[in-house]
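Shown below: final.txt, with compact mmCIF, C-alpha atoms and all ligand atoms.
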# COMPACT_ATOMS: atom_id res chain seq x y z
CA MET A 673 1.59 23.91 -12.73
CA SER A 674 3.11 22.36 -15.75
CA ALA A 675 2.19 18.97 -17.11
CA PHE A 676 4.10 15.80 -16.43
CA ASP A 677 6.43 14.80 -19.19
CA TYR A 678 5.90 11.39 -20.76
CA SER A 679 9.51 11.23 -21.80
CA PHE A 680 10.74 9.79 -18.52
CA ASP A 681 13.50 7.27 -18.73
CA MET A 682 11.97 3.80 -18.71
CA GLU A 683 15.22 2.46 -17.34
CA ASN A 684 14.56 4.32 -14.10
CA TYR A 685 11.68 1.93 -13.62
CA MET A 686 12.86 -1.33 -15.17
CA THR A 687 15.49 -2.73 -17.46
CA LYS A 688 14.92 -2.86 -21.21
CA GLU A 689 14.99 -6.66 -20.99
CA ARG A 690 12.27 -6.77 -18.39
CA PHE A 691 10.03 -4.42 -20.32
CA ALA A 692 10.60 -6.47 -23.48
CA ALA A 693 9.67 -9.69 -21.66
CA PHE A 694 6.60 -8.05 -20.23
CA LYS A 695 5.53 -6.71 -23.63
CA LYS A 696 5.89 -10.10 -25.22
CA PHE A 697 3.64 -11.57 -22.56
CA ALA A 698 1.14 -8.72 -22.83
CA GLN A 699 0.94 -8.42 -26.56
CA ASP A 700 -1.93 -10.76 -27.42
CA LYS A 701 -4.01 -10.07 -24.29
CA GLU A 702 -7.12 -7.97 -24.45
CA THR A 703 -6.88 -4.70 -22.48
CA PRO A 704 -7.31 -3.54 -19.80
CA PHE A 705 -5.31 -5.83 -17.54
CA LEU A 706 -2.68 -5.85 -14.83
CA VAL A 707 0.54 -7.84 -15.02
CA THR A 708 2.45 -8.37 -11.79
CA SER A 709 6.05 -9.54 -11.71
CA LEU A 710 6.90 -11.99 -8.94
CA SER A 711 10.64 -11.44 -9.15
CA VAL A 712 10.16 -7.74 -8.47
CA VAL A 713 8.17 -8.55 -5.32
CA ALA A 714 10.85 -11.04 -4.25
CA ASN A 715 13.58 -8.43 -4.71
CA LYS A 716 11.60 -5.87 -2.74
CA TYR A 717 11.16 -8.29 0.14
CA ASP A 718 14.83 -9.26 0.15
CA GLU A 719 15.97 -5.64 -0.01
CA LEU A 720 13.82 -4.68 2.95
CA LYS A 721 14.94 -7.66 5.05
CA LYS A 722 18.52 -6.80 4.27
CA SER A 723 18.03 -3.13 5.18
CA MET A 724 16.12 -3.81 8.40
CA PRO A 725 17.25 -7.26 9.48
CA TYR A 726 15.86 -6.76 12.98
CA ALA A 727 12.27 -6.30 11.80
CA ASP A 728 9.58 -8.88 11.13
CA VAL A 729 7.89 -8.05 7.85
CA TYR A 730 4.09 -8.37 7.98
CA TYR A 731 2.94 -7.91 4.39
CA ALA A 732 -0.27 -5.84 4.26
CA VAL A 733 -2.33 -8.31 2.28
CA LYS A 734 -4.81 -5.73 1.06
CA ALA A 735 -2.26 -4.04 -1.21
CA ASN A 736 -2.23 -6.99 -3.60
CA PRO A 737 -3.63 -10.34 -2.46
CA THR A 738 -2.71 -12.24 -5.62
CA GLU A 739 -2.20 -15.84 -4.53
CA GLU A 740 1.20 -16.22 -6.21
CA ILE A 741 2.49 -13.16 -4.33
CA LEU A 742 1.23 -14.49 -1.02
CA LYS A 743 2.83 -17.89 -1.67
CA LEU A 744 6.13 -16.30 -2.61
CA LEU A 745 6.17 -14.23 0.57
CA ARG A 746 5.08 -17.24 2.62
CA ASP A 747 8.04 -19.22 1.30
CA ARG A 748 10.42 -16.37 2.10
CA GLY A 749 9.29 -16.38 5.72
CA SER A 750 7.11 -13.28 5.66
CA TYR A 751 4.41 -12.61 8.20
CA PHE A 752 1.07 -11.13 7.18
CA ASP A 753 -1.12 -8.24 8.29
CA VAL A 754 -4.71 -9.37 7.80
CA ALA A 755 -7.77 -7.12 7.95
CA SER A 756 -10.84 -9.35 7.59
CA ILE A 757 -12.05 -12.92 8.04
CA TYR A 758 -11.90 -13.28 4.25
CA GLU A 759 -8.22 -12.39 4.05
CA LEU A 760 -7.69 -14.71 7.00
CA ASP A 761 -9.28 -17.67 5.20
CA LEU A 762 -7.25 -16.88 2.10
CA ILE A 763 -3.95 -16.88 4.00
CA LEU A 764 -4.71 -19.92 6.15
CA GLY A 765 -5.75 -21.74 2.98
CA LEU A 766 -2.19 -21.29 1.74
CA GLY A 767 -0.89 -23.15 4.78
CA VAL A 768 0.44 -20.14 6.68
CA SER A 769 0.44 -20.79 10.40
CA PRO A 770 -1.74 -18.43 12.50
CA ASN A 771 1.25 -17.38 14.60
CA ARG A 772 2.55 -15.55 11.51
CA LEU A 773 -0.55 -13.34 11.35
CA SER A 774 -1.88 -10.23 13.02
CA TYR A 775 -5.42 -8.89 12.87
CA GLY A 776 -4.41 -5.33 12.02
CA ASN A 777 -7.79 -3.69 11.51
CA THR A 778 -8.95 -1.48 14.40
CA ILE A 779 -12.56 -1.85 13.23
CA LYS A 780 -13.91 -5.30 13.96
CA LYS A 781 -17.06 -7.15 14.93
CA ALA A 782 -17.01 -9.27 18.10
CA ARG A 783 -17.80 -12.40 16.07
CA ASP A 784 -14.91 -11.71 13.68
CA ILE A 785 -12.52 -11.41 16.63
CA ARG A 786 -13.85 -14.74 17.88
CA TYR A 787 -13.29 -16.27 14.44
CA PHE A 788 -9.64 -15.14 14.36
CA TYR A 789 -9.14 -16.44 17.89
CA GLU A 790 -10.64 -19.82 17.10
CA LYS A 791 -8.36 -20.09 14.06
CA GLY A 792 -5.37 -19.56 16.34
CA VAL A 793 -4.48 -15.87 15.85
CA ARG A 794 -3.17 -14.28 19.05
CA LEU A 795 -1.98 -10.85 17.91
CA PHE A 796 -4.45 -7.99 17.54
CA VAL A 797 -4.43 -4.22 17.13
CA SER A 798 -6.76 -1.94 19.05
CA ASP A 799 -7.45 1.79 19.40
CA SER A 800 -10.65 2.05 21.44
CA GLU A 801 -12.21 1.02 24.70
CA SER A 802 -15.08 -0.72 22.94
CA ASP A 803 -12.66 -2.85 20.94
CA VAL A 804 -10.55 -3.72 24.00
CA ARG A 805 -13.68 -5.01 25.72
CA LYS A 806 -14.62 -7.08 22.67
CA LEU A 807 -11.09 -8.47 22.53
CA ALA A 808 -11.05 -9.37 26.22
CA GLU A 809 -14.23 -11.34 25.76
CA ASN A 810 -13.55 -13.00 22.41
CA ALA A 811 -9.78 -13.34 22.31
CA PRO A 812 -8.91 -13.77 26.02
CA GLY A 813 -5.26 -13.46 26.98
CA SER A 814 -4.17 -12.35 23.48
CA ASP A 815 -1.30 -10.01 22.68
CA ILE A 816 -2.53 -6.51 21.86
CA PHE A 817 -0.74 -3.56 20.31
CA PHE A 818 -2.29 -0.12 20.44
CA ARG A 819 -2.42 2.24 17.52
CA ILE A 820 -1.63 5.91 17.99
CA LEU A 821 -2.87 8.59 15.62
CA ALA A 822 -0.42 9.88 13.08
CA ASP A 823 -1.40 12.96 11.11
CA GLY A 824 -0.25 11.63 7.74
CA LEU A 825 1.60 14.83 6.88
CA GLY A 826 4.03 14.27 4.03
CA ALA A 827 2.14 11.28 2.67
CA ASP A 828 0.74 11.21 -0.86
CA TRP A 829 -2.05 8.95 0.34
CA PRO A 830 -2.65 9.94 4.00
CA LEU A 831 -4.80 7.68 6.14
CA SER A 832 -6.53 10.55 7.96
CA ARG A 833 -7.90 10.28 11.50
CA LYS A 834 -9.82 7.09 10.89
CA PHE A 835 -7.31 4.83 12.68
CA GLY A 836 -5.60 5.30 16.00
CA ALA A 837 -6.23 7.51 19.01
CA GLN A 838 -4.42 10.16 20.99
CA PRO A 839 -1.73 8.91 23.41
CA ASP A 840 -3.78 9.58 26.55
CA VAL A 841 -6.66 7.47 25.21
CA ILE A 842 -4.21 4.74 24.23
CA PHE A 843 -2.67 4.80 27.70
CA GLU A 844 -6.07 4.31 29.34
CA ASN A 845 -6.78 1.43 26.98
CA ILE A 846 -3.49 -0.24 27.84
CA LEU A 847 -4.41 -0.16 31.54
CA LEU A 848 -7.89 -1.46 30.76
CA ALA A 849 -6.54 -4.29 28.62
CA LYS A 850 -4.26 -5.40 31.44
CA GLU A 851 -7.11 -5.27 33.92
CA LEU A 852 -9.28 -7.40 31.61
CA GLY A 853 -6.65 -10.12 31.31
CA LEU A 854 -5.26 -9.25 27.88
CA ASN A 855 -1.54 -8.93 27.28
CA PRO A 856 -0.66 -5.37 26.22
CA ARG A 857 2.45 -5.85 24.08
CA GLY A 858 3.20 -2.51 22.50
CA VAL A 859 2.34 0.39 20.25
CA SER A 860 1.74 0.77 16.52
CA PHE A 861 1.40 3.62 14.04
CA HIS A 862 1.11 4.21 10.32
CA VAL A 863 2.71 7.40 9.06
CA GLY A 864 0.49 7.52 5.95
CA SER A 865 0.87 5.66 2.69
CA GLN A 866 3.53 6.70 0.15
CA GLN A 867 5.27 8.70 2.86
CA MET A 868 7.93 10.98 1.39
CA ASP A 869 9.05 12.57 4.66
CA ILE A 870 11.11 10.12 6.69
CA THR A 871 11.08 12.33 9.79
CA GLN A 872 7.41 11.36 10.22
CA TRP A 873 8.68 8.07 11.65
CA ARG A 874 10.71 10.01 14.19
CA SER A 875 7.78 11.90 15.70
CA ALA A 876 5.72 8.71 15.90
CA LEU A 877 8.59 6.83 17.57
CA LYS A 878 8.96 9.63 20.09
CA THR A 879 5.32 9.20 21.12
CA CYS A 880 5.81 5.42 21.33
CA ARG A 881 8.70 5.93 23.74
CA GLU A 882 6.52 8.15 25.94
CA ILE A 883 3.81 5.49 26.05
CA PHE A 884 6.37 2.77 26.85
CA ASP A 885 7.59 4.90 29.78
CA ALA A 886 4.12 5.73 31.06
CA ALA A 887 3.15 2.03 30.97
CA LYS A 888 6.36 1.07 32.74
CA ALA A 889 5.52 3.48 35.56
CA ARG A 890 2.33 1.49 36.04
CA GLY A 891 4.12 -1.85 36.06
CA ILE A 892 3.41 -2.80 32.44
CA THR A 893 6.43 -3.63 30.29
CA LEU A 894 5.82 -3.08 26.58
CA ASP A 895 8.20 -4.75 24.14
CA LEU A 896 6.61 -4.46 20.69
CA LEU A 897 6.86 -1.61 18.19
CA ASN A 898 4.77 -1.90 15.04
CA MET A 899 5.89 0.78 12.57
CA GLY A 900 3.19 0.00 10.02
CA GLY A 901 3.51 0.76 6.30
CA GLY A 902 4.21 3.95 4.39
CA PHE A 903 7.33 2.89 2.50
CA PRO A 904 6.95 4.30 -1.00
CA ALA A 905 6.65 2.84 -4.47
CA HIS A 906 8.21 4.48 -7.50
CA TYR A 907 5.60 6.75 -9.11
CA MET A 908 6.35 9.96 -11.06
CA HIS A 909 8.17 11.64 -8.20
CA ALA A 910 11.61 10.33 -7.38
CA ILE A 911 11.87 8.48 -4.09
CA LYS A 912 14.77 7.76 -1.80
CA ASP A 913 16.23 4.27 -1.80
CA THR A 914 15.01 1.65 0.63
CA TYR A 915 18.31 1.61 2.48
CA VAL A 916 18.06 5.38 3.06
CA TYR A 917 14.63 4.96 4.66
CA ALA A 918 15.93 2.00 6.66
CA ALA A 919 19.07 3.76 7.87
CA GLU A 920 17.24 6.88 9.00
CA ILE A 921 14.43 4.96 10.68
CA THR A 922 16.98 2.72 12.42
CA ASP A 923 18.70 5.83 13.76
CA PHE A 924 15.39 7.12 15.10
CA ILE A 925 14.71 3.83 16.88
CA ARG A 926 18.17 3.98 18.42
CA GLU A 927 17.60 7.59 19.48
CA PHE A 928 14.53 6.67 21.52
CA PHE A 929 15.11 3.03 22.46
CA GLY A 930 18.89 2.72 22.65
CA GLU A 931 20.78 -0.35 21.48
CA GLN A 932 18.28 -2.81 22.95
CA PHE A 933 15.54 -2.68 20.33
CA PRO A 934 12.10 -3.86 21.27
CA HIS A 935 10.52 -6.49 19.02
CA ILE A 936 9.93 -4.63 15.74
CA ILE A 937 7.28 -5.14 13.09
CA ILE A 938 6.85 -3.37 9.76
CA GLU A 939 3.82 -3.75 7.49
CA PRO A 940 4.72 -2.78 3.95
CA GLY A 941 1.98 -2.97 1.33
CA ARG A 942 2.52 -0.46 -1.44
CA TYR A 943 6.31 -0.83 -1.22
CA MET A 944 6.13 -4.58 -1.72
CA SER A 945 3.81 -4.86 -4.70
CA GLY A 946 3.54 -1.38 -6.24
CA ASP A 947 6.61 -1.44 -8.47
CA ALA A 948 5.81 -4.97 -9.61
CA GLY A 949 2.69 -4.13 -11.60
CA ILE A 950 1.98 -2.69 -15.04
CA LEU A 951 -1.60 -1.83 -15.94
CA VAL A 952 -2.09 -1.99 -19.68
CA THR A 953 -4.77 0.17 -21.27
CA GLU A 954 -5.86 1.02 -24.78
CA ILE A 955 -6.79 4.44 -26.06
CA VAL A 956 -10.53 4.40 -26.74
CA MET A 957 -10.85 7.96 -27.98
CA LEU A 958 -8.93 11.16 -28.56
CA SER A 959 -10.91 14.37 -28.70
CA SER A 960 -10.92 18.12 -28.30
CA LYS A 961 -13.66 20.06 -26.59
CA GLU A 962 -12.83 23.40 -28.18
CA LEU A 963 -12.06 24.21 -31.79
CA GLU A 964 -8.88 26.10 -31.17
CA SER A 965 -7.95 26.46 -27.52
CA GLY A 966 -8.12 23.90 -24.74
CA ILE A 967 -6.34 20.73 -23.84
CA PRO A 968 -7.18 17.57 -25.78
CA TRP A 969 -8.58 14.56 -23.94
CA VAL A 970 -7.43 10.99 -24.11
CA TYR A 971 -9.89 8.34 -22.93
CA VAL A 972 -8.43 4.97 -21.95
CA ASP A 973 -10.24 1.71 -21.21
CA ALA A 974 -9.42 1.62 -17.47
CA GLY A 975 -10.39 4.41 -15.10
CA LYS A 976 -11.39 5.17 -11.54
CA PHE A 977 -13.73 2.16 -11.51
CA GLY A 978 -11.28 -0.14 -13.27
CA GLY A 979 -8.41 -0.09 -10.80
CA LEU A 980 -7.15 3.51 -10.87
CA ILE A 981 -9.11 4.88 -7.90
CA GLU A 982 -5.92 6.20 -6.29
CA THR A 983 -5.92 8.94 -8.92
CA LEU A 984 -8.53 10.47 -6.61
CA ASP A 985 -7.52 14.12 -6.11
CA GLU A 986 -4.65 13.19 -8.42
CA CYS A 987 -2.81 11.92 -5.32
CA ILE A 988 -1.02 9.04 -6.95
CA ARG A 989 0.63 9.93 -10.26
CA TYR A 990 1.40 6.80 -12.23
CA PRO A 991 4.21 6.97 -14.75
CA ILE A 992 2.37 6.56 -18.06
CA TYR A 993 4.30 5.20 -20.99
CA SER A 994 3.52 5.45 -24.70
CA GLU A 995 5.67 3.74 -27.27
CA ARG A 996 5.32 6.67 -29.66
CA GLU A 997 8.06 9.23 -29.87
CA GLY A 998 8.29 12.78 -31.06
CA GLU A 999 6.54 16.02 -30.26
CA ALA A 1000 4.52 16.09 -27.05
CA ASN A 1001 1.34 17.78 -25.99
CA ASP A 1002 -0.62 18.25 -22.76
CA TYR A 1003 -3.53 15.83 -22.32
CA VAL A 1004 -6.32 15.34 -19.85
CA ILE A 1005 -6.66 11.61 -19.15
CA ALA A 1006 -10.03 10.00 -18.42
CA GLY A 1007 -11.58 6.57 -18.01
CA PRO A 1008 -14.25 4.84 -20.11
CA THR A 1009 -17.32 4.83 -17.83
CA CYS A 1010 -20.40 7.08 -17.87
CA ASP A 1011 -19.59 8.72 -14.55
CA SER A 1012 -18.21 12.23 -14.72
CA PHE A 1013 -16.05 11.43 -11.71
CA ASP A 1014 -14.11 8.99 -13.91
CA VAL A 1015 -11.39 11.50 -14.86
CA LEU A 1016 -7.83 10.54 -13.91
CA TYR A 1017 -5.73 13.65 -14.43
CA GLU A 1018 -7.11 17.09 -15.27
CA LYS A 1019 -5.78 19.61 -12.73
CA ILE A 1020 -2.27 18.65 -13.72
CA PRO A 1021 -2.39 17.11 -17.19
CA TYR A 1022 0.18 14.75 -18.64
CA ARG A 1023 2.53 15.38 -21.52
CA LEU A 1024 2.12 12.62 -24.06
CA PRO A 1025 3.20 12.20 -27.69
CA SER A 1026 0.90 14.12 -30.02
CA ASN A 1027 1.02 11.39 -32.67
CA MET A 1028 -0.84 8.92 -30.41
CA GLU A 1029 -3.73 7.16 -32.10
CA GLU A 1030 -6.86 5.41 -30.94
CA GLY A 1031 -6.07 1.74 -30.40
CA ASP A 1032 -2.56 2.52 -29.08
CA ARG A 1033 -1.62 1.11 -25.73
CA LEU A 1034 -0.82 3.29 -22.72
CA TYR A 1035 1.10 1.56 -19.95
CA PHE A 1036 0.51 2.64 -16.35
CA LEU A 1037 3.67 1.64 -14.49
CA THR A 1038 3.97 1.02 -10.73
CA ALA A 1039 0.37 -0.21 -10.67
CA GLY A 1040 0.87 -3.36 -8.58
CA ALA A 1041 -0.65 -2.00 -5.35
CA TYR A 1042 -4.19 -0.88 -4.61
CA THR A 1043 -5.46 -1.38 -8.16
CA GLN A 1044 -6.91 -4.78 -9.00
CA THR A 1045 -8.76 -5.14 -5.67
CA TYR A 1046 -9.97 -1.55 -5.82
CA CYS A 1047 -11.97 -1.90 -9.03
CA SER A 1048 -15.73 -2.15 -9.26
CA ILE A 1049 -17.21 -5.39 -10.48
CA PHE A 1050 -19.96 -4.38 -12.88
CA PHE A 1051 -20.28 -0.62 -13.29
CA ASN A 1052 -21.55 0.05 -16.83
CA GLY A 1053 -21.17 -3.71 -17.25
CA PHE A 1054 -17.38 -3.52 -17.34
CA PRO A 1055 -15.85 -6.66 -15.79
CA PRO A 1056 -13.23 -6.39 -13.03
CA LEU A 1057 -9.67 -5.75 -14.12
CA ARG A 1058 -8.04 -8.94 -15.39
CA SER A 1059 -4.83 -9.83 -13.67
CA TYR A 1060 -1.85 -11.94 -14.70
CA VAL A 1061 1.39 -12.91 -13.04
CA ILE A 1062 4.80 -13.32 -14.68
CA ASP A 1063 8.20 -14.14 -13.35
C1 LIG A 1101 -2.83 -0.52 4.56
C2 LIG A 1101 -2.03 -0.82 5.77
C3 LIG A 1101 -0.65 -1.03 5.65
C4 LIG A 1101 0.10 -0.87 4.36
O1 LIG A 1101 0.36 0.46 4.08
P1 LIG A 1101 1.30 0.88 2.86
O2 LIG A 1101 1.37 2.34 2.96
O3 LIG A 1101 0.66 0.37 1.64
O4 LIG A 1101 2.62 0.24 3.09
C5 LIG A 1101 0.05 -1.35 6.80
N1 LIG A 1101 -0.57 -1.47 7.98
C6 LIG A 1101 -1.89 -1.30 8.14
C7 LIG A 1101 -2.49 -1.47 9.46
C8 LIG A 1101 -2.65 -0.96 7.03
O5 LIG A 1101 -3.97 -0.76 7.19
In structure tokens, write the structure found in this file.
Amino acid sequence: MSAFDYSFDMENYMTKERFAAFKKFAQDKETPFLVTSLSVVANKYDELKKSMPYADVYYAVKANPTEEILKLLRDRGSYFDVASIYELDLILGLGVSPNRLSYGNTIKKARDIRYFYEKGVRLFVSDSESDVRKLAENAPGSDIFFRILADGLGADWPLSRKFGAQPDVIFENILLAKELGLNPRGVSFHVGSQQMDITQWRSALKTCREIFDAAKARGITLDLLNMGGGFPAHYMHAIKDTYVYAAEITDFIREFFGEQFPHIIIEPGRYMSGDAGILVTEIVMLSSKELESGIPWVYVDAGKFGGLIETLDECIRYPIYSEREGEANDYVIAGPTCDSFDVLYEKIPYRLPSNMEEGDRLYFLTAGAYTQTYCSIFFNGFPPLRSYVID
């Protein structure tokens, strides 16, 4: 496969003015660091609400839990998908009421369920009998939605088989939940993160309809559909516009549920914060491993342990911008640590300007999701990625 070309059009990602403002802010800061733009997050939220006005947006806090982002979304009326007692404390500390939260992690300790319940949360996910029993005991009477397996096909960052269960297992758990005094509300799924194939929502919705019908036949009326995350951010590959995703998904809901939509939840993470971030690195070293043949290497000061873990298997391809112009060459890109796993792109190298020099900055665009919180805290002594917020 050929290398990715550095000479993408910056204006596909942001206006000249915005990049200029960002550069001014970034110029005297020591690399590596992440800068997240709040106005980009605000626009993303507004665009999604406009495209799917019927849906409650539960921001997946894990994607980027920067306090300013959480406050902004709080003030816009967002709900939040929370995965641990620590995220819960963070959100409650910002004055968000517990009825705007769901405990969306299928893997939980009994005492953590109890903690959520005592703090006032009444909406939980589940995908196993063991968890339903823990919920019945520690969060009695709560609303539960049940997560079905989705295969993650078509997603650049699939979520594998870790979460969810087959429909027949889910059905049994719905009956059990009812029997144990919980309130089975509905079904959830996650089609896989950075999902490029919109028809994945259709097959999941079809299964949801079947479960709604099966429950109905046993006297249980479900009225909640949680369609999870999966909405893409703008990496190297072009993506369809938000309204295209929204329109197609809305059609699929109509196909299976008619005009009377159930209560609908979406849980965007990557979509909301991805495009808002720029990770600024500096070139530490340029080198060649062979005298004549071979691809040169560029080592930057942030790598797999410094926020760029989603380059694993080269799944997520960040647009990488150099301010140099002119002739381009293929480069392998690697991080600064002493672990051989800390290589970002080698199978498919990047095309970057061949007049780059050590000390130059390389800008990783669309780095606002799953970066800062994914970095190690002290490997080789490197501190965690610094993070700033701008308007
Ligand atoms: C991580 C996660 C999300 C967010 O997924 P994105 O693909 O980033 O939008 C949504 N829901 C749940 C339950 C998650 O675990």
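Each of A:His909, A:Arg819, A:Arg1023, A:Lys850 was compared to A:Glu999 using all atoms listed in the file, and A:Arg1023 turns out to be the nearest.
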Which residue of A:Thr871, A:Asn855, A:Thr879, A:Ser756 approaches ligand LIG 1101 (chain A) most closely, using only C-alpha atoms and all ligand atoms: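 For ligand LIG 1101 (chain A), the nearest of the given residues is A:Ser756.
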Using all atoms listed in the file, which residues have at least one atom no more than 10 Å from ligand LIG 1101 (chain A)? Output them as an MDAnalysis selection string. chainID A and resid 730:736 752:755 774:778 797 819 827:831 835:836 860:867 898:905 938:946 1041:1042
Counting all atoms listed in the file, figure out which residue out of A:Tyr915, A:Trp873, A:Phe796, A:Phe884 gets nearest to A:Asn771.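 Looking at the shortest contact to A:Asn771, the residue is A:Phe796.
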Skip A:Arg772 itself and residues of its chain fewer than 5 positions away, then list as a ChimeraX atom specification all residues within 12 Å of it, counting all atoms listed in the file. /A:728-731,745-746,749-754,760,763-764,767,792-796,937
Go through stretch 894-988 of chain A residue by residue and, counting all atoms listed in the file, keep those with an atom at most 7 Å from stretch 690-707 of chain A; for each kept residue give the shortest atom pair and its distance in Å to one decimal, ordered by chain and increasing number, as a tab-separated table.
residue	atom	partner	partner_atom	distance
A:Gly949	CA	A:Val707	CA	5.5
A:Ile950	CA	A:Val707	CA	5.3
A:Leu951	CA	A:Leu706	CA	4.3
A:Val952	CA	A:Pro704	CA	5.4
A:Thr953	CA	A:Pro704	CA	4.7
A:Glu954	CA	A:Thr703	CA	6.2
A:Asp973	CA	A:Pro704	CA	6.2
A:Ala974	CA	A:Pro704	CA	6.0
Length of the atom CA of A:Met957 to atom CA of A:Glu1030 vector [Å]: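 Interatomic distance, atom CA of A:Met957 to atom CA of A:Glu1030: 5.6 Å.
Going from atom CA of A:Arg805 to atom CA of A:Leu848 covers 8.5 Å.
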What separation in Å, quoted to one decimal, exists between atom CA of A:Asp815 and atom CA of A:Ile921? 24.8 Å
Between A:Leu854, A:Leu744, A:Ile779, A:Ala727, which is the closest to A:Val713 once you count all atoms listed in the file? A:Leu744
